>>> print(open('model17.csv').read())   # CSV, C-alpha atoms and all ligand atoms
chain,number,residue,atom,x,y,z
A,1,MET,CA,0.0,0.0,0.0
A,2,GLN,CA,1.3,3.4,-0.9
A,3,LEU,CA,1.5,6.1,1.9
A,4,VAL,CA,0.0,9.5,1.3
A,5,SER,CA,2.8,12.0,1.1
A,6,LYS,CA,2.9,14.8,3.6
A,7,GLN,CA,3.3,17.4,0.8
A,8,VAL,CA,0.1,16.4,-0.8
A,9,LEU,CA,-1.7,16.5,2.5
A,10,THR,CA,-0.6,20.1,3.2
A,11,CYS,CA,-1.1,21.3,-0.3
A,12,ASP,CA,-4.6,20.1,-0.9
A,13,GLY,CA,-6.8,17.9,1.3
A,14,TRP,CA,-8.8,16.7,-1.7
A,15,LEU,CA,-5.7,15.4,-3.5
A,16,SER,CA,-5.0,13.2,-0.4
A,17,VAL,CA,-8.5,11.8,-0.6
A,18,PHE,CA,-7.9,10.8,-4.3
A,19,SER,CA,-4.5,9.3,-3.4
A,20,LEU,CA,-6.0,6.9,-0.8
A,21,SER,CA,-5.7,3.4,-2.1
A,22,SER,CA,-8.7,1.1,-2.6
A,23,LYS,CA,-7.6,-0.8,0.5
A,24,GLN,CA,-7.8,2.3,2.6
A,25,TYR,CA,-11.3,3.0,1.2
A,26,LEU,CA,-12.2,-0.5,2.3
A,27,TYR,CA,-11.0,0.1,5.8
A,28,ALA,CA,-12.9,3.4,5.9
A,29,PHE,CA,-16.0,1.5,4.8
A,30,ILE,CA,-15.7,-1.2,7.3
A,31,LEU,CA,-15.0,1.3,10.1
A,32,CYS,CA,-18.1,3.3,9.1
A,33,SER,CA,-20.4,0.2,8.7
A,34,SER,CA,-19.3,-1.2,12.1
A,35,MET,CA,-20.0,2.2,13.7
A,36,CYS,CA,-23.4,2.2,12.2
A,37,LEU,CA,-24.0,-1.4,13.4
A,38,THR,CA,-22.8,-0.6,16.9
A,39,GLY,CA,-25.3,2.3,16.7
A,40,THR,CA,-28.3,0.0,16.1
A,41,GLN,CA,-27.0,-2.5,18.7
A,42,ALA,CA,-26.7,0.2,21.2
A,43,GLU,CA,-30.4,1.0,20.6
A,44,CYS,CA,-31.3,-2.7,21.2
A,45,PRO,CA,-30.0,-3.4,24.8
A,46,VAL,CA,-28.7,-7.0,24.4
A,47,GLN,CA,-25.2,-8.3,24.1
A,48,LEU,CA,-24.3,-11.4,22.1
A,49,ASN,CA,-21.3,-13.5,23.3
A,50,PRO,CA,-19.7,-14.4,21.0
A,51,GLN,CA,-20.8,-11.8,18.5
A,52,ARG,CA,-20.3,-14.1,15.6
A,53,ALA,CA,-20.5,-18.0,15.5
A,54,VAL,CA,-18.2,-20.2,13.4
A,55,VAL,CA,-19.4,-23.8,13.5
A,56,ARG,CA,-18.2,-26.9,11.7
A,57,TYR,CA,-21.0,-28.6,9.8
A,58,GLY,CA,-22.6,-31.1,12.2
A,59,GLY,CA,-20.8,-29.4,15.2
A,60,SER,CA,-22.2,-27.8,18.3
A,61,VAL,CA,-22.7,-24.1,19.1
A,62,ALA,CA,-23.7,-22.0,22.1
A,63,VAL,CA,-24.2,-18.3,22.1
A,64,ASN,CA,-25.3,-16.1,25.1
A,65,CYS,CA,-27.7,-13.2,24.7
A,66,SER,CA,-27.7,-11.1,27.8
A,67,THR,CA,-29.2,-7.8,28.9
A,68,SER,CA,-28.7,-5.4,31.8
A,69,VAL,CA,-32.0,-3.6,31.5
A,70,SER,CA,-35.4,-4.6,33.0
A,71,HIS,CA,-37.7,-6.0,30.3
A,72,LYS,CA,-41.0,-7.7,29.6
A,73,GLY,CA,-39.4,-10.7,28.0
A,74,MET,CA,-36.6,-11.9,25.7
A,75,GLY,CA,-35.9,-14.9,23.5
A,76,TRP,CA,-34.0,-16.5,20.7
A,77,GLU,CA,-35.6,-17.0,17.4
A,78,ALA,CA,-34.1,-19.7,15.1
A,79,SER,CA,-35.1,-22.7,13.0
A,80,GLU,CA,-33.2,-24.8,15.5
A,81,GLY,CA,-32.4,-24.2,19.2
A,82,ALA,CA,-35.0,-21.4,19.6
A,83,VAL,CA,-35.4,-20.2,23.2
A,84,PRO,CA,-39.0,-19.2,24.1
A,85,MET,CA,-39.7,-15.8,25.6
A,86,THR,CA,-38.5,-15.6,29.2
A,87,THR,CA,-38.0,-12.9,31.8
A,88,ASP,CA,-34.4,-14.1,32.5
A,89,SER,CA,-31.6,-11.7,31.6
A,90,LEU,CA,-29.3,-14.3,30.1
A,91,ILE,CA,-30.4,-16.9,27.5
A,92,THR,CA,-28.4,-19.3,25.5
A,93,TRP,CA,-28.9,-20.4,21.9
A,94,ARG,CA,-27.6,-23.9,21.8
A,95,VAL,CA,-27.5,-26.5,19.0
A,96,SER,CA,-25.5,-29.7,19.4
A,97,ASN,CA,-25.6,-31.0,15.8
A,98,LEU,CA,-25.9,-28.0,13.4
A,99,ILE,CA,-26.7,-29.2,9.9
A,100,GLU,CA,-28.7,-26.3,8.6
A,101,TRP,CA,-26.6,-24.2,6.1
A,102,ASP,CA,-28.8,-21.2,6.1
A,103,ILE,CA,-29.6,-20.7,9.8
A,104,GLN,CA,-30.3,-17.1,10.8
A,105,PRO,CA,-30.8,-16.9,14.6
A,106,PHE,CA,-31.6,-13.6,16.3
A,107,CYS,CA,-32.1,-12.6,19.9
A,108,TYR,CA,-35.0,-10.2,20.6
A,109,ILE,CA,-36.1,-8.3,23.7
A,110,ASN,CA,-39.3,-6.4,24.7
A,111,HIS,CA,-37.9,-3.3,26.2
A,112,GLU,CA,-39.6,0.0,25.4
A,113,GLU,CA,-40.5,-1.6,22.1
A,114,GLN,CA,-39.4,-4.9,20.6
A,115,CYS,CA,-36.0,-5.0,19.0
A,116,GLN,CA,-33.6,-7.7,17.8
A,117,VAL,CA,-30.0,-8.5,17.1
A,118,GLU,CA,-29.0,-11.0,14.5
A,119,LEU,CA,-26.2,-13.5,15.1
A,120,PRO,CA,-24.0,-14.0,12.0
A,121,VAL,CA,-23.3,-17.7,11.7
A,122,THR,CA,-20.7,-19.3,9.4
A,123,ILE,CA,-21.0,-23.0,8.9
A,124,TYR,CA,-17.9,-24.5,7.4
A,125,LYS,CA,-17.0,-27.9,5.9
A,126,THR,CA,-13.4,-28.9,5.1
A,127,PRO,CA,-13.1,-30.4,1.6
A,128,ASP,CA,-13.5,-34.1,1.0
A,129,SER,CA,-10.6,-34.0,-1.4
A,130,VAL,CA,-8.0,-31.7,-2.9
A,131,SER,CA,-6.2,-32.8,-6.0
A,132,ILE,CA,-3.7,-31.3,-8.5
A,133,SER,CA,-3.4,-32.1,-12.2
A,134,ILE,CA,-2.0,-30.8,-15.5
A,135,VAL,CA,-4.7,-29.6,-17.9
A,136,ASP,CA,-4.8,-31.7,-21.2
A,137,HIS,CA,-1.4,-33.2,-20.8
A,138,SER,CA,0.3,-36.4,-19.6
A,139,GLY,CA,3.9,-37.5,-19.6
A,140,PRO,CA,7.0,-35.3,-19.3
A,141,MET,CA,6.7,-31.5,-19.8
A,142,ILE,CA,9.0,-29.8,-22.3
A,143,GLU,CA,11.2,-26.9,-21.3
A,144,GLY,CA,9.9,-23.5,-22.4
A,145,LYS,CA,6.4,-24.7,-23.2
A,146,GLN,CA,3.4,-23.4,-21.1
A,147,TYR,CA,1.3,-25.7,-19.0
A,148,GLU,CA,-1.8,-25.2,-17.0
A,149,LEU,CA,-2.2,-26.6,-13.5
A,150,GLN,CA,-5.6,-27.3,-12.1
A,151,CYS,CA,-6.6,-27.8,-8.5
A,152,ASP,CA,-9.8,-29.6,-7.7
A,153,VAL,CA,-11.4,-28.9,-4.3
A,154,HIS,CA,-14.4,-31.1,-3.6
A,155,ASP,CA,-17.3,-30.3,-1.3
A,156,VAL,CA,-16.1,-27.2,0.6
A,157,ALA,CA,-18.0,-24.5,2.4
A,158,PRO,CA,-18.2,-21.5,2.5
A,159,VAL,CA,-16.3,-20.9,-0.7
A,160,GLN,CA,-15.9,-17.1,0.0
A,161,ASP,CA,-13.6,-18.1,2.9
A,162,LEU,CA,-11.6,-20.5,0.7
A,163,THR,CA,-8.1,-19.7,-0.4
A,164,VAL,CA,-6.3,-22.0,-2.8
A,165,LYS,CA,-2.5,-21.7,-2.5
A,166,TRP,CA,-0.1,-23.0,-5.1
A,167,TYR,CA,3.4,-24.2,-4.1
A,168,LYS,CA,6.5,-25.3,-6.0
A,169,ARG,CA,8.5,-27.2,-3.5
A,170,GLN,CA,8.2,-24.9,-0.4
A,171,THR,CA,7.7,-21.7,-2.4
A,172,LEU,CA,4.3,-20.1,-2.5
A,173,LEU,CA,3.7,-19.3,-6.2
A,174,ASN,CA,0.2,-17.8,-6.2
A,175,GLN,CA,-3.1,-17.9,-4.4
A,176,THR,CA,-6.7,-17.7,-5.5
A,177,THR,CA,-9.8,-16.5,-3.6
A,178,PHE,CA,-13.4,-16.8,-4.5
A,179,THR,CA,-16.3,-14.4,-4.5
A,180,ASP,CA,-19.1,-16.9,-4.8
A,181,ALA,CA,-21.7,-16.2,-2.1
A,182,SER,CA,-22.9,-19.7,-1.7
A,183,LYS,CA,-23.2,-21.0,1.8
A,184,THR,CA,-23.6,-24.7,0.9
A,185,PRO,CA,-20.7,-26.9,-0.2
A,186,VAL,CA,-19.4,-26.5,-3.8
A,187,ASN,CA,-16.8,-28.1,-6.0
A,188,GLU,CA,-14.2,-25.7,-7.2
A,189,THR,CA,-12.3,-26.8,-10.3
A,190,THR,CA,-11.6,-23.5,-12.0
A,191,THR,CA,-8.4,-22.5,-10.3
A,192,LEU,CA,-5.6,-22.6,-12.8
A,193,LEU,CA,-1.9,-21.7,-12.7
A,194,LEU,CA,0.2,-21.2,-15.8
A,195,ILE,CA,3.7,-22.5,-15.6
A,196,ARG,CA,6.6,-22.4,-18.1
A,197,PRO,CA,9.1,-24.8,-16.6
A,198,ASP,CA,12.9,-24.5,-17.2
A,199,ARG,CA,15.6,-27.1,-16.7
A,200,ALA,CA,15.9,-26.2,-13.0
A,201,ASP,CA,12.4,-27.5,-12.6
A,202,ASP,CA,13.2,-31.1,-13.6
A,203,GLY,CA,12.0,-33.1,-10.7
A,204,ALA,CA,10.2,-30.2,-9.0
A,205,GLN,CA,7.1,-30.9,-7.0
A,206,TYR,CA,3.9,-28.8,-7.3
A,207,ARG,CA,1.0,-29.0,-4.9
A,208,CYS,CA,-2.1,-27.0,-4.0
A,209,GLU,CA,-3.5,-26.3,-0.6
A,210,ALA,CA,-7.1,-25.4,0.3
A,211,VAL,CA,-7.3,-23.2,3.4
A,212,LEU,CA,-10.5,-22.0,5.1
A,213,GLU,CA,-9.8,-18.5,6.5
A,214,LEU,CA,-12.6,-18.3,9.0
A,215,GLY,CA,-11.5,-15.3,11.0
A,216,ALA,CA,-10.7,-14.8,14.7
A,217,GLU,CA,-13.8,-16.7,15.8
A,218,GLY,CA,-12.9,-19.7,13.7
A,219,PRO,CA,-10.5,-22.6,14.5
A,220,GLN,CA,-6.8,-21.7,14.9
A,221,PRO,CA,-4.8,-22.5,12.9
A,222,PRO,CA,-7.3,-22.3,9.9
A,223,PRO,CA,-8.2,-25.7,8.6
A,224,LYS,CA,-6.3,-26.7,5.5
A,225,GLU,CA,-6.2,-29.7,3.2
A,226,THR,CA,-3.3,-30.4,0.8
A,227,SER,CA,-3.2,-32.1,-2.5
A,228,GLY,CA,-0.8,-34.9,-3.4
A,229,ARG,CA,2.4,-33.9,-5.0
A,230,LEU,CA,2.6,-33.5,-8.7
A,231,ASN,CA,6.0,-34.6,-9.8
A,232,VAL,CA,7.2,-32.8,-13.0
A,233,GLU,CA,9.5,-34.7,-15.3
A,234,LEU,CA,11.0,-32.2,-17.7
A,235,TYR,CA,12.5,-32.8,-21.1
A,236,TYR,CA,15.2,-30.3,-22.1
A,237,LYS,CA,17.9,-30.2,-24.8
A,238,PRO,CA,21.6,-30.2,-24.1
A,239,LYS,CA,23.3,-26.8,-23.7
A,240,HIS,CA,27.0,-26.3,-23.1
A,241,PHE,CA,28.0,-23.5,-20.7
A,242,ASN,CA,30.8,-22.4,-23.0
A,243,SER,CA,30.9,-23.1,-26.8
A,244,THR,CA,34.8,-23.3,-26.8
A,245,GLU,CA,37.4,-24.3,-24.3
A,246,THR,CA,41.2,-24.0,-24.7
A,247,ILE,CA,43.4,-26.6,-23.0
A,248,ILE,CA,47.2,-26.4,-22.7
A,249,LYS,CA,48.7,-29.7,-23.5
A,250,ASN,CA,50.8,-31.3,-20.7
A,251,ASP,CA,51.3,-34.9,-19.7
A,252,GLU,CA,47.6,-35.7,-19.2
A,253,VAL,CA,44.8,-34.1,-21.2
A,254,THR,CA,41.1,-34.7,-20.4
A,255,LEU,CA,38.4,-33.3,-22.7
A,256,ASN,CA,35.1,-33.4,-20.7
A,257,CYS,CA,32.0,-32.7,-22.8
A,258,THR,CA,29.5,-34.1,-20.2
A,259,VAL,CA,26.3,-32.0,-20.0
A,260,LYS,CA,22.9,-32.4,-18.4
A,261,ALA,CA,19.9,-33.1,-20.6
A,262,ASN,CA,16.8,-35.1,-20.5
A,263,PRO,CA,16.4,-37.6,-22.1
A,264,ALA,CA,20.1,-38.5,-21.6
A,265,PRO,CA,22.2,-37.2,-24.5
A,266,THR,CA,24.6,-39.0,-26.8
A,267,TYR,CA,28.0,-37.7,-27.7
A,268,THR,CA,30.1,-37.7,-30.9
A,269,TRP,CA,33.6,-36.3,-31.4
A,270,HIS,CA,35.0,-34.9,-34.6
A,271,SER,CA,38.6,-33.9,-35.3
A,272,GLU,CA,41.2,-34.4,-38.1
A,273,HIS,CA,43.3,-36.0,-35.4
A,274,LEU,CA,40.8,-38.7,-34.6
A,275,LYS,CA,40.8,-41.8,-36.8
A,276,GLU,CA,37.6,-43.3,-35.5
A,277,GLU,CA,34.3,-41.9,-34.2
A,278,ILE,CA,34.1,-41.8,-30.4
A,279,SER,CA,30.9,-41.7,-28.5
A,280,SER,CA,32.0,-41.3,-24.9
A,281,SER,CA,31.5,-38.0,-23.1
A,282,VAL,CA,35.1,-37.7,-22.0
A,283,LEU,CA,38.3,-38.1,-24.0
A,284,GLN,CA,41.6,-38.8,-22.2
A,285,SER,CA,45.1,-38.7,-23.6
A,286,SER,CA,45.8,-41.9,-21.7
A,287,THR,CA,43.4,-43.8,-24.0
A,288,VAL,CA,43.4,-41.7,-27.2
A,289,LEU,CA,46.3,-39.9,-28.9
A,290,LEU,CA,45.4,-36.2,-28.5
A,291,SER,CA,47.7,-34.1,-30.6
A,292,PRO,CA,47.3,-30.3,-30.5
A,293,GLY,CA,44.3,-29.1,-32.6
A,294,ASN,CA,40.5,-28.7,-32.5
A,295,TYR,CA,38.1,-31.4,-31.2
A,296,THR,CA,34.4,-30.8,-31.7
A,297,CYS,CA,32.0,-32.6,-29.4
A,298,THR,CA,28.3,-32.7,-30.4
A,299,THR,CA,25.8,-33.6,-27.8
A,300,THR,CA,22.3,-34.7,-28.9
A,301,ASN,CA,19.0,-35.8,-27.5
A,302,SER,CA,15.5,-36.0,-28.9
A,303,LEU,CA,14.9,-32.3,-28.4
A,304,GLY,CA,18.1,-31.0,-30.1
A,305,SER,CA,21.8,-30.8,-30.1
A,306,ASP,CA,24.6,-28.5,-29.0
A,307,SER,CA,28.3,-28.5,-29.9
A,308,LYS,CA,31.5,-27.5,-28.1
A,309,VAL,CA,35.0,-27.0,-29.5
A,310,PHE,CA,38.0,-28.0,-27.4
A,311,ILE,CA,41.3,-26.4,-28.6
A,312,ILE,CA,44.4,-28.2,-27.5
A,313,LYS,CA,47.6,-26.1,-27.6
A,314,SER,CA,51.1,-27.3,-27.1
A,315,GLU,CA,52.9,-26.1,-24.0
A,316,GLN,CA,55.6,-23.6,-25.3
A,317,ALA,CA,56.2,-22.1,-21.9
A,318,ASP,CA,57.0,-25.5,-20.4
A,319,ARG,CA,59.8,-26.1,-23.0
A,320,THR,CA,61.4,-22.7,-22.4
A,321,THR,CA,61.5,-23.5,-18.6
A,322,PHE,CA,62.9,-26.9,-19.4
A,323,TRP,CA,65.7,-25.4,-21.5
A,324,ALA,CA,66.4,-22.7,-19.0
A,325,ILE,CA,66.9,-25.3,-16.2
A,326,VAL,CA,69.2,-27.4,-18.5
A,327,LEU,CA,71.3,-24.3,-19.5
A,328,SER,CA,71.7,-23.1,-15.9
A,329,GLY,CA,72.7,-26.6,-14.9
A,330,VAL,CA,75.3,-26.6,-17.6
A,331,ALA,CA,76.6,-23.2,-16.6
A,332,VAL,CA,76.9,-24.2,-12.9
A,333,ALA,CA,78.8,-27.3,-14.0
A,334,LEU,CA,81.2,-25.2,-16.1
A,335,VAL,CA,81.9,-22.8,-13.3
A,336,LEU,CA,82.6,-25.8,-10.9
A,337,ILE,CA,84.9,-27.4,-13.4
A,338,ALA,CA,86.8,-24.1,-14.1
A,339,THR,CA,87.2,-23.5,-10.4
A,340,TYR,CA,88.5,-27.0,-9.9
A,341,VAL,CA,91.0,-26.6,-12.8
A,342,ILE,CA,92.3,-23.2,-11.6
A,343,PHE,CA,92.7,-24.6,-8.1
A,344,LYS,CA,94.5,-27.6,-9.4
A,345,ILE,CA,97.0,-25.5,-11.4
A,346,ARG,CA,97.7,-23.1,-8.5
A,347,CYS,CA,98.4,-26.1,-6.2
A,348,SER,CA,100.8,-27.7,-8.6
A,349,ASN,CA,102.6,-24.3,-9.1
A,350,ASN,CA,102.9,-24.1,-5.2
A,351,SER,CA,104.4,-27.5,-5.0
A,352,VAL,CA,107.0,-26.6,-7.6
A,353,ILE,CA,108.0,-23.4,-5.7
A,401,LIG,C1,-22.7,-18.1,28.7
A,401,LIG,O1,-23.2,-17.9,30.0
A,401,LIG,C2,-22.9,-19.0,30.9
A,401,LIG,C3,-23.6,-18.7,32.2
A,401,LIG,O2,-23.2,-17.4,32.7
A,401,LIG,C4,-21.4,-19.1,31.0
A,401,LIG,O3,-21.1,-20.2,31.9
A,401,LIG,C5,-20.8,-19.3,29.7
A,401,LIG,O4,-19.3,-19.3,29.8
A,401,LIG,C6,-21.2,-18.2,28.7
A,401,LIG,N1,-20.7,-18.5,27.4
A,401,LIG,C7,-20.0,-17.6,26.7
A,401,LIG,C8,-19.6,-18.1,25.3
A,401,LIG,O5,-19.8,-16.5,27.1
A,402,LIG,C1,-19.1,-32.4,-6.5
A,402,LIG,O1,-18.4,-33.5,-7.1
A,402,LIG,C2,-18.9,-34.8,-6.6
A,402,LIG,C3,-18.1,-35.9,-7.2
A,402,LIG,O2,-17.8,-35.6,-8.5
A,402,LIG,C4,-20.4,-34.9,-6.9
A,402,LIG,O3,-20.9,-36.1,-6.3
A,402,LIG,C5,-21.1,-33.7,-6.2
A,402,LIG,O4,-22.5,-33.8,-6.5
A,402,LIG,C6,-20.6,-32.4,-6.6
A,402,LIG,N1,-21.1,-31.4,-5.9
A,402,LIG,C7,-21.6,-30.2,-6.4
A,402,LIG,C8,-22.1,-29.2,-5.4
A,402,LIG,O5,-21.5,-30.0,-7.6
>>> encode(input="model17.csv", output="structure tokens", more="lines below")
Ligand SMILES: *[C@@H]1O[C@H](CO)[C@@H](O)[C@H](O)[C@H]1NC(C)=O
Ligand SMILES: *[C@@H]1O[C@H](CO)[C@@H](O)[C@H](O)[C@H]1NC(C)=O
Amino acid sequence: MQLVSKQVLTCDGWLSVFSLSSKQYLYAFILCSSMCLTGTQAECPVQLNPQRAVVRYGGSVAVNCSTSVSHKGMGWEASEGAVPMTTDSLITWRVSNLIEWDIQPFCYINHEEQCQVELPVTIYKTPDSVSISIVDHSGPMIEGKQYELQCDVHDVAPVQDLTVKWYKRQTLLNQTTFTDASKTPVNETTTLLLIRPDRADDGAQYRCEAVLELGAEGPQPPPKETSGRLNVELYYKPKHFNSTETIIKNDEVTLNCTVKANPAPTYTWHSEHLKEEISSSVLQSSTVLLSPGNYTCTTTNSLGSDSKVFIIKSEQADRTTFWAIVLSGVAVALVLIATYVIFKIRCSNNSVI
């Protein structure tokens, strides 16, 4: 929700009214209507406790209607559990097995004149079943295509308190609510979610959950029913991370072309240096002679193919280092020999003297 900026408020009061969001209008409406309701209730001197009843279909309910004024009689009117007019000041509407979807109880009192307060009753029924399916499709999905998921919620009431939540693994993807005013159980099959799976979704599990959000007077936590898990097998074509890779040749060279794809891909290698066709995903210099040059690997499955070029280069730097070591070795040897010879000559000169 967007906050009304202070500037707008100080500049022009009307502008701030226009910048109220629809949710704020809703709050204002609820506030106003509850004030109006409290107004009428204040006129009729009875209190209901609780003020609203939430009952499971076939469950029990008890609501007190009490007054603190003297009166000529009060009672509960209802198609079930009615309490005949009495001069008591606390009377209880009680039903032990409530199976009437459209019950509308009210408590009345004969004070100065007769008045009444209605008790809002919500009768709920958790769904018999919740199931998830793919619309018009069976078998593996194909990457990049669009699919519709459907959630069937059977025999649930009241549907305006129902929220259907969609999950991929533990992530909430979307949720749907309903505006149908029906109080009796309905089957909801119209909730659809569009998905366009990618390769990360291979093996992902989707599920839907039907939650009855019945408000503060309802059961806590809200009753929910979860579908089974829909396992997605996804077909996707091979795709290499890089299209070329350069390798400096040393003792052991490994060309690894392995890539994930579903269905499992096949591999073929092409190079002027290869005498036969090779179909493994990895080439190793221990089993195949790999001279410097280009080696192209083509990976293929039923959805398509992708190629990658490996470039083997000979190791110039290594040779330079090798020769540098050899030359410095030779130089050291020469110095040692020269030192030895000079020493030897000087010693023999001394012995002569
Ligand atoms: C209704 O009144 C009875 C008698 O005073 C009391 O025991 C009971 O707790 C009350 N029920 C509710 C919901 O307030
Ligand atoms: C809901 O579906 C069930 C099973 O298909 C069916 O027996 C029942 O009559 C349906 N209820 C409504 C309200 O359509």
>>> closest_atom_pairs(input="model17.csv", of="chain A", to="ligand LIG 401 (chain A)", cutoff="7 Å", atoms="only C-alpha atoms and all ligand atoms", output="JSON lines")
{"residue": "A:Asn49", "atom": "CA", "partner": "A:LIG401", "partner_atom": "O5", "distance": 5.1}
{"residue": "A:Pro50", "atom": "CA", "partner": "A:LIG401", "partner_atom": "C8", "distance": 5.7}
{"residue": "A:Ala62", "atom": "CA", "partner": "A:LIG401", "partner_atom": "C8", "distance": 6.5}
{"residue": "A:Val63", "atom": "CA", "partner": "A:LIG401", "partner_atom": "C8", "distance": 5.6}
{"residue": "A:Asn64", "atom": "CA", "partner": "A:LIG401", "partner_atom": "C1", "distance": 4.9}
{"residue": "A:Thr92", "atom": "CA", "partner": "A:LIG401", "partner_atom": "C1", "distance": 6.6}
>>> closest_residue(input="model17.csv", among="A:Thr163, A:Gln175, A:Ser60, A:Ser129", to="ligand LIG 402 (chain A)", atoms="only C-alpha atoms and all ligand atoms")
A:Ser129
>>> atom_distance(input="model17.csv", atom1="CA of Ser285 (chain A)", atom2="CA of Lys239 (chain A)")
24.8 Å
>>> closest_residue(input="model17.csv", among="A:Val186, A:Pro222, A:Leu98, A:Thr86", to="ligand LIG 402 (chain A)", atoms="all atoms listed in the file")
A:Val186
>>> residues_around(input="model17.csv", residues="region 296-307 of chain A", least_positions_apart="6", cutoff="7 Å", atoms="all atoms listed in the file", output="CSV table (one decimal) with C-alpha atoms, keeping the file's coordinate frame")
chain,number,residue,atom,x,y,z
A,236,TYR,CA,15.2,-30.3,-22.1
A,237,LYS,CA,17.9,-30.2,-24.8
A,238,PRO,CA,21.6,-30.2,-24.1
A,239,LYS,CA,23.3,-26.8,-23.7
A,240,HIS,CA,27.0,-26.3,-23.1
A,243,SER,CA,30.9,-23.1,-26.8
A,257,CYS,CA,32.0,-32.7,-22.8
A,263,PRO,CA,16.4,-37.6,-22.1
A,264,ALA,CA,20.1,-38.5,-21.6
A,265,PRO,CA,22.2,-37.2,-24.5
A,266,THR,CA,24.6,-39.0,-26.8
A,267,TYR,CA,28.0,-37.7,-27.7
A,268,THR,CA,30.1,-37.7,-30.9
A,269,TRP,CA,33.6,-36.3,-31.4
A,270,HIS,CA,35.0,-34.9,-34.6
A,271,SER,CA,38.6,-33.9,-35.3
>>> residues_near_ligand(input="model17.csv", ligand="ligand LIG 402 (chain A)", cutoff="7 Å", atoms="all atoms listed in the file", output="PyMOL selection string")
chain A and resi 154-155+185-187
>>> atom_distance(input="model17.csv", atom1="CA of Asp136 (chain A)", atom2="CA of Glu148 (chain A)")
8.3 Å
>>> atom_distance(input="model17.csv", atom1="CA of Ser79 (chain A)", atom2="CA of Ala216 (chain A)")
25.7 Å
>>> residues_around(input="model17.csv", residues="Ser131 (chain A)", least_positions_apart="6", cutoff="8 Å", atoms="only C-alpha atoms", output="list of chain:residue names")
A:Cys151, A:Asp152, A:Val153, A:Cys208, A:Thr226, A:Ser227, A:Gly228
>>> residues_around(input="model17.csv", residues="region 189-196 of chain A", least_positions_apart="5", cutoff="8 Å", atoms="all atoms listed in the file", output="PyMOL selection string")
chain A and resi 143-153+164+166+174+176
>>> axis_aligned_box(input="model17.csv", around="region 217-231 of chain A", padding_each_side="3 Å", output="AutoDock Vina command-line options")
--center_x -3.9 --center_y -25.8 --center_z 3.0 --size_x 25.8 --size_y 24.2 --size_z 31.6
>>> closest_residue(input="model17.csv", among="A:Ser66, A:Asp201, A:Val211, A:Ile311", to="Ile248 (chain A)", atoms="only C-alpha atoms")
A:Ile311
>>> residues_around(input="model17.csv", residues="region 112-117 of chain A", least_positions_apart="4", cutoff="8 Å", atoms="only C-alpha atoms", output="JSON, numbers by chain")
{"A": [41, 44, 46, 71, 106, 107, 108]}
>>> closest_residue(input="model17.csv", among="A:Met85, A:Ile91, A:Pro127, A:Lys72", to="Asn110 (chain A)", atoms="only C-alpha atoms")
A:Lys72
>>> closest_residue(input="model17.csv", among="A:Gly218, A:Pro223, A:Gly73, A:Gly139", to="Val55 (chain A)", atoms="only C-alpha atoms")
A:Gly218
>>> closest_residue(input="model17.csv", among="A:Leu290, A:Ile345, A:Val159, A:Val253", to="Ala181 (chain A)", atoms="only C-alpha atoms")
A:Val159
>>> residues_around(input="model17.csv", residues="Leu289 (chain A)", least_positions_apart="4", cutoff="9 Å", atoms="all atoms listed in the file", output="PDB file with C-alpha atoms, in the coordinates of the input")
ATOM      1  CA  HIS A 273      43.300 -36.000 -35.400  1.00  0.00           C
ATOM      2  CA  LEU A 274      40.800 -38.700 -34.600  1.00  0.00           C
ATOM      3  CA  GLN A 284      41.600 -38.800 -22.200  1.00  0.00           C
ATOM      4  CA  SER A 285      45.100 -38.700 -23.600  1.00  0.00           C
TER       5      SER A 285
END
